[in-house]
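*Asks:* Once you've had a glance at the structure underneath, I'll fire off some questions.
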2 protein chains.
Amino acid sequence: MDEVIKLNMETKFREMLNKIQAYNYVFALIGWDSNTEAPRNSFKRRAEVMGILSKELFALQTAKEYKDVIIGLYEKIDTLDDNLKREIKKAKKDLDKVVNIPEEEYVEYTKLIQMSQLVWEDAKKNNDYASFKENLKQIIEFNKKFALYYAPEKNPYDTMLDDYEEGMTTKEYDEFFNKLKKDLVPFVKEILSHGNSDYDKLINDYFDPKKQQEFCDYLTDVLKFDRNSGLMKKSVHPFTWNTSPEDVRFTTRYLENYVFSSIFAAIHELGHATYEQQISTEWDGTLLHGGTSMGIHESQSRFYENIVGRSLAFWETHLDKFKSLFPDQTKGLTPMDMYKAVNKAEASMIRVEADELTYSLHIMLRYDIERKMVSGEVTVDDLPELWNSLMEEYLGIKPKNDSEGVLQDVHWSGGMIGYFPTYALGTAYSAQIYYAMLKDLNLEEIIKANQIEKVNKWLKEKIHKYGSSKTPKELMLEVTGEDFDAKYYIKYLKDKYTNIYLK
Amino acid sequence: MDEVIKLNMETKFREMLNKIQAYNYVFALIGWDSNTEAPRNSFKRRAEVMGILSKELFALQTAKEYKDVIIGLYEKIDTLDDNLKREIKKAKKDLDKVVNIPEEEYVEYTKLIQMSQLVWEDAKKNNDYASFKENLKQIIEFNKKFALYYAPEKNPYDTMLDDYEEGMTTKEYDEFFNKLKKDLVPFVKEILSHGNSDYDKLINDYFDPKKQQEFCDYLTDVLKFDRNSGLMKKSVHPFTWNTSPEDVRFTTRYLENYVFSSIFAAIHELGHATYEQQISTEWDGTLLHGGTSMGIHESQSRFYENIVGRSLAFWETHLDKFKSLFPDQTKGLTPMDMYKAVNKAEASMIRVEADELTYSLHIMLRYDIERKMVSGEVTVDDLPELWNSLMEEYLGIKPKNDSEGVLQDVHWSGGMIGYFPTYALGTAYSAQIYYAMLKDLNLEEIIKANQIEKVNKWLKEKIHKYGSSKTPKELMLEVTGEDFDAKYYIKYLKDKYTNIYLK
């Protein structure tokens, strides 16, 4: 009898979740369209439609019968099979996140976020932090309040961090970033002191966007992306999109005077896309579909971008193709030249343009600030000053204005607090995964033989196929035989950059 | 008090319709995506999602509260303002079409249609009519049955015709096609007897698809298409798509050895697109959005395609651009040469490749067959023979197999019976509209001055802006001062082709 009730509840859960996931598919498709090709004036009708559908989705997600069935199954959690157990835990968590928020606060917050993104855009354009800080203050307050509704006894920043990377807390991030501060910052300073402008002409030369696209098409094949289950397109901001492993799309952009932007954005997104394409379709429509966390996702994109794409072996293999497309700009260029050019390290203001060596220091700065913002140690009034002084401390440079300082990123205006740290964490994961992979594969030879499918297969079996059925911590432990440890990341960077700059 | 009830009903109607239209937006976007760029394997997840959403939409459309409010407002129809009156009439008609069909029959029919399209594809590929005819038989039976549920006293084919062109019946179509039989068929035979292969080299020469695309981009600007409210893309079958006047997209295709295909498909779709872009946004989300009928829509696409795009003035104005893109293929080509080439008339098997002169005869044949299929005068066993004998009668040629005969079109396999006649009707509308336009505008001079915006404006004021708020019959009467009359179409074709072939 109990079994029958459980089965009925599971059927009901599946039925309602199917509807919710259908809505998510729709919102994803609308997003893909509007971020790639939708004409400018289409926004009006789209906004009306999204307004109507958002209400429907919210009603589904908060419907009493959905709540009841999740709570009912949660009460029997120990009797469920492993996959359903994990799904119900996730569903219960999502539910708890929402149900404790009074509806009027939720509506107010949604409006605030919509407004704030416009305010931030203008503020960044006009270098006018003052016009944005009141919005930011409210966003922080709301996020704190919501975190405390969910877990009154917890540090609210811990709750936010867990939203983006399951299981991560300030304790663990502190440890991670403290290691970087201790071991990486001095090393970065040493490397940067050497300077390097040997390849600036190449880096900023003109490259025909159509030819750039041809090269990115080539890279798509090099990485063995399955074109029957995906496509490449262009957009202002590169991103990866998916509704199932059989429909995974990514974009890159083509900057006339910065060819590396399109190349490494493409490889980065191909990393995300390969992860999504290799997830087992058995999770389609369930809560276990898609990559398991921001950090693990970023570990895959960074792995392909940096460890594969910025390796000497990669350019020994693919420089000829590049040179055939751009003979004028690449006369006499050797694989070693290219390797050094794509690994140029420098202190720079803008995170998204930062090189592999300095990237995590940009993130560390944001983590420090978020931690203090949420605890109340600093107010929004202190942020520009704090930002600038941390830039000086970590990278030895100072923004000349807030647009290239505290206003540079979209995340906070969108309510995303706790997201940034996953970028650095994911990058550090990738190094640990890399050393684990080396026990099984000779990566250098595989790259030289243009057989990335062997790498794809290894990652599929170890990580990708599981979708979200395993937590990030479970995956790291199973793949590498130990918990996450930043030492691999530091070793990887030191080895690589010592070789390039200090030998 | 009565006013309050009416107002409440209208509010409820609007609220439910908003949801229905949001679903329609979603299905449109999914269709656009899947017909233009979605990767092949995406179909599985898409089918699941569409299954879920279709059920939701069907539930909305047949919800008791929606029915009640439509019936309630319909009972007070005389007290409603004109726009709401027309909306409610449409809603009532849609409702009546659906509610009288037993749900299990509807489900069975939906399955039949899905299956039949695959069966038809294979049958066409394998030239195997026998494998398709049982499906066709059932499709006809279902369509008859449904038409009789809706209007037991009416000729079911009249009901079907009205589905695609409001107000049209066999009586009127008979009259139309009889005129064509009497006046056009002998004229076409005379023209075809002259033969014309002077420009076959040009017509079948190789044209680089990328350059073709450049020329279609140019045409998009020539026709003053608003790129802020739309875009051009490519697809296997050209089509126009819209969710509001501010988001209208169209496609064309590029055949390497048939450049006219991309050019005239683009202009044709630009005609549909211009119509949709020029509809007043006041109808957004209502039942009066979008073009008013298949026939009026086709009149606009055919107007731009044939009357504008296949005119001598058009090529006097735009041939230079064409020649600059394709200097090798167009050496010594004059505007008159181009005019004759794009107006080459010949008896051909395939409707979609037919020229302006013979096109309607292909439609007439389909009308004859549909009429007899629905009345039961012929069975599916008779169709191939009937098709072939009519081809011989109207065009003097005989298909060598059923793939280029009775199996060539997708429509019947999709359950669309009564659709074909609107193609000919719309084309004939366009000639009548053309002669009305000549009273106000000097079209030839406008084309030569590259000022199509003047034509667009005339059509906007006379036809486009009204959306579906007027019936096709009302529009024809208001625009041309009289009811539809096929004589204009016949005169137009005789004048044009006499000039080209007989002088």
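In the structure tokens, the first chain shown is A, the next is B, and so on; residue numbers restart at 1 for each chain, and ligands run from 1 in the order shown.
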Which polymer residues have any atom within 10 Å of an atom of B:Thr330, counting only C-alpha atoms, with same-chain residues fewer than 5 positions away left out, as a list in words?
*Replies:* Leu202, Asp205, Leu319, Asp320, Phe322, Lys323, Ser324, Leu325 and Met338 of chain B
*Asks:* Write out as JSON, numbers by chain the residues lying within 12 Å of A:Asp381, counting only C-alpha atoms and excluding same-chain residues fewer than 2 positions away.
*Replies:* {"A": [129, 130, 131, 132, 133, 134, 136, 137, 373, 376, 377, 378, 379, 383, 384, 385, 386, 387, 406]}
*Asks:* Near stretch 395-403 of chain A, within 9 Å and counting only C-alpha atoms, which residues show up once chain neighbours fewer than 2 positions away are dropped, as an MDAnalysis selection string?
*Replies:* chainID A and resid 123:129 185 188:189 192 346:349 358 361:362 384 387:393 405:408
*Asks:* Could the residues in this selection be saved with N, CA, C and O atoms as a short mmCIF file (atom, residue, chain, number, x, y, z; two decimals), in the first residue's frame?
*Replies:*
```cif
data_model
loop_
_atom_site.label_atom_id
_atom_site.label_comp_id
_atom_site.auth_asym_id
_atom_site.auth_seq_id
_atom_site.Cartn_x
_atom_site.Cartn_y
_atom_site.Cartn_z
N ALA A 123 25.22 53.33 -15.87
CA ALA A 123 26.28 53.73 -14.94
C ALA A 123 27.65 53.37 -15.49
O ALA A 123 28.59 54.18 -15.44
N LYS A 124 27.75 52.20 -16.06
CA LYS A 124 29.03 51.78 -16.63
C LYS A 124 29.42 52.68 -17.81
O LYS A 124 30.56 53.11 -17.92
N LYS A 125 28.42 52.94 -18.64
CA LYS A 125 28.67 53.77 -19.82
C LYS A 125 29.14 55.17 -19.39
O LYS A 125 30.05 55.74 -19.98
N ASN A 126 28.49 55.71 -18.35
CA ASN A 126 28.78 57.09 -17.93
C ASN A 126 29.78 57.17 -16.77
O ASN A 126 29.97 58.24 -16.21
N ASN A 127 30.37 56.04 -16.43
CA ASN A 127 31.33 56.03 -15.32
C ASN A 127 30.73 56.70 -14.09
O ASN A 127 31.32 57.62 -13.50
N ASP A 128 29.54 56.25 -13.73
CA ASP A 128 28.79 56.94 -12.67
C ASP A 128 28.33 55.91 -11.62
O ASP A 128 27.16 55.53 -11.56
N TYR A 129 29.26 55.50 -10.78
CA TYR A 129 28.94 54.50 -9.76
C TYR A 129 27.82 54.97 -8.82
O TYR A 129 26.97 54.17 -8.40
N VAL A 185 50.20 34.88 -5.71
CA VAL A 185 50.41 36.31 -5.90
C VAL A 185 51.90 36.68 -6.06
O VAL A 185 52.25 37.39 -7.01
N VAL A 188 53.06 35.50 -9.51
CA VAL A 188 52.52 36.34 -10.59
C VAL A 188 53.33 37.64 -10.68
O VAL A 188 53.70 38.08 -11.77
N LYS A 189 53.61 38.24 -9.53
CA LYS A 189 54.39 39.49 -9.54
C LYS A 189 55.75 39.29 -10.20
O LYS A 189 56.20 40.12 -10.99
N LEU A 192 55.19 38.93 -14.00
CA LEU A 192 54.80 40.18 -14.64
C LEU A 192 55.98 41.15 -14.70
O LEU A 192 56.05 41.99 -15.61
N GLU A 346 49.88 39.53 -18.35
CA GLU A 346 50.06 40.94 -17.99
C GLU A 346 49.00 41.36 -16.98
O GLU A 346 47.93 40.76 -16.91
N ALA A 347 49.34 42.38 -16.22
CA ALA A 347 48.36 42.92 -15.29
C ALA A 347 47.38 43.75 -16.10
O ALA A 347 47.78 44.67 -16.80
N SER A 348 46.08 43.39 -16.03
CA SER A 348 45.10 44.13 -16.82
C SER A 348 43.87 44.39 -15.96
O SER A 348 43.65 43.75 -14.94
N MET A 349 43.09 45.36 -16.39
CA MET A 349 41.95 45.82 -15.58
C MET A 349 40.73 44.93 -15.70
O MET A 349 39.95 44.81 -14.76
N THR A 358 46.76 35.44 -14.55
CA THR A 358 46.25 36.46 -13.62
C THR A 358 44.75 36.33 -13.35
O THR A 358 44.21 36.98 -12.46
N LEU A 361 43.18 35.96 -9.85
CA LEU A 361 43.37 37.07 -8.92
C LEU A 361 42.21 38.08 -9.06
O LEU A 361 41.78 38.69 -8.08
N HIS A 362 41.71 38.24 -10.28
CA HIS A 362 40.52 39.07 -10.48
C HIS A 362 39.34 38.52 -9.68
O HIS A 362 38.54 39.26 -9.13
N PRO A 384 34.22 51.27 -4.42
CA PRO A 384 35.20 51.69 -5.43
C PRO A 384 36.61 51.75 -4.86
O PRO A 384 37.57 51.24 -5.47
N TRP A 387 37.86 48.20 -4.14
CA TRP A 387 38.22 47.57 -5.42
C TRP A 387 39.61 48.01 -5.87
O TRP A 387 40.47 47.17 -6.18
N ASN A 388 39.79 49.32 -5.88
CA ASN A 388 41.04 49.85 -6.42
C ASN A 388 42.24 49.44 -5.57
O ASN A 388 43.31 49.12 -6.11
N SER A 389 42.04 49.42 -4.26
CA SER A 389 43.19 49.08 -3.43
C SER A 389 43.53 47.59 -3.56
O SER A 389 44.70 47.20 -3.53
N LEU A 390 42.52 46.74 -3.74
CA LEU A 390 42.79 45.31 -3.93
C LEU A 390 43.47 45.06 -5.29
O LEU A 390 44.33 44.19 -5.41
N MET A 391 43.04 45.81 -6.31
CA MET A 391 43.71 45.68 -7.62
C MET A 391 45.19 45.98 -7.46
O MET A 391 46.05 45.30 -8.03
N GLU A 392 45.46 47.00 -6.69
CA GLU A 392 46.86 47.36 -6.49
C GLU A 392 47.60 46.26 -5.72
O GLU A 392 48.72 45.89 -6.06
N GLU A 393 46.93 45.74 -4.70
CA GLU A 393 47.57 44.71 -3.88
C GLU A 393 47.86 43.43 -4.68
O GLU A 393 48.94 42.86 -4.59
N GLY A 405 36.64 49.59 -13.19
CA GLY A 405 36.83 49.06 -11.84
C GLY A 405 35.57 48.34 -11.40
O GLY A 405 35.11 47.40 -12.05
N VAL A 406 34.99 48.86 -10.37
CA VAL A 406 33.88 48.19 -9.69
C VAL A 406 32.64 48.01 -10.57
O VAL A 406 31.79 47.15 -10.28
N LEU A 407 32.53 48.77 -11.65
CA LEU A 407 31.33 48.68 -12.51
C LEU A 407 31.48 47.70 -13.67
O LEU A 407 30.56 47.55 -14.47
N GLN A 408 32.64 47.04 -13.78
CA GLN A 408 32.89 46.32 -15.04
C GLN A 408 31.99 45.10 -15.28
O GLN A 408 31.70 44.78 -16.43
#
```
*Asks:* State, in Å with one decimal place, the distance from atom CA of B:Glu269 to atom CA of B:Pro238.
*Replies:*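 So the two atoms, atom CA of B:Glu269 and atom CA of B:Pro238, lie 7.3 Å apart.
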*Asks:* Counting only C-alpha atoms, which residues of chain B come no farther than 6 Å from chain A, as number ranges by chain?
*Replies:* B: 22, 39-42, 49, 228-230, 246-247
*Asks:* Compare B:Asn35, B:Ser261, B:Asn100, B:Thr110 by their minimum atom-to-atom distance to B:Val352, counting only C-alpha atoms, and give me the closest one.
*Replies:*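 Answer, going by the shortest atom-to-atom distance: B:Ser261.
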*Asks:* Would you compute the distance between atom CA of A:Lys331 and atom CA of A:Ile500? Give it in Å to one decimal.
*Replies:*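 Computing the Euclidean distance for atom CA of A:Lys331 and atom CA of A:Ile500 yields 21.9 Å.
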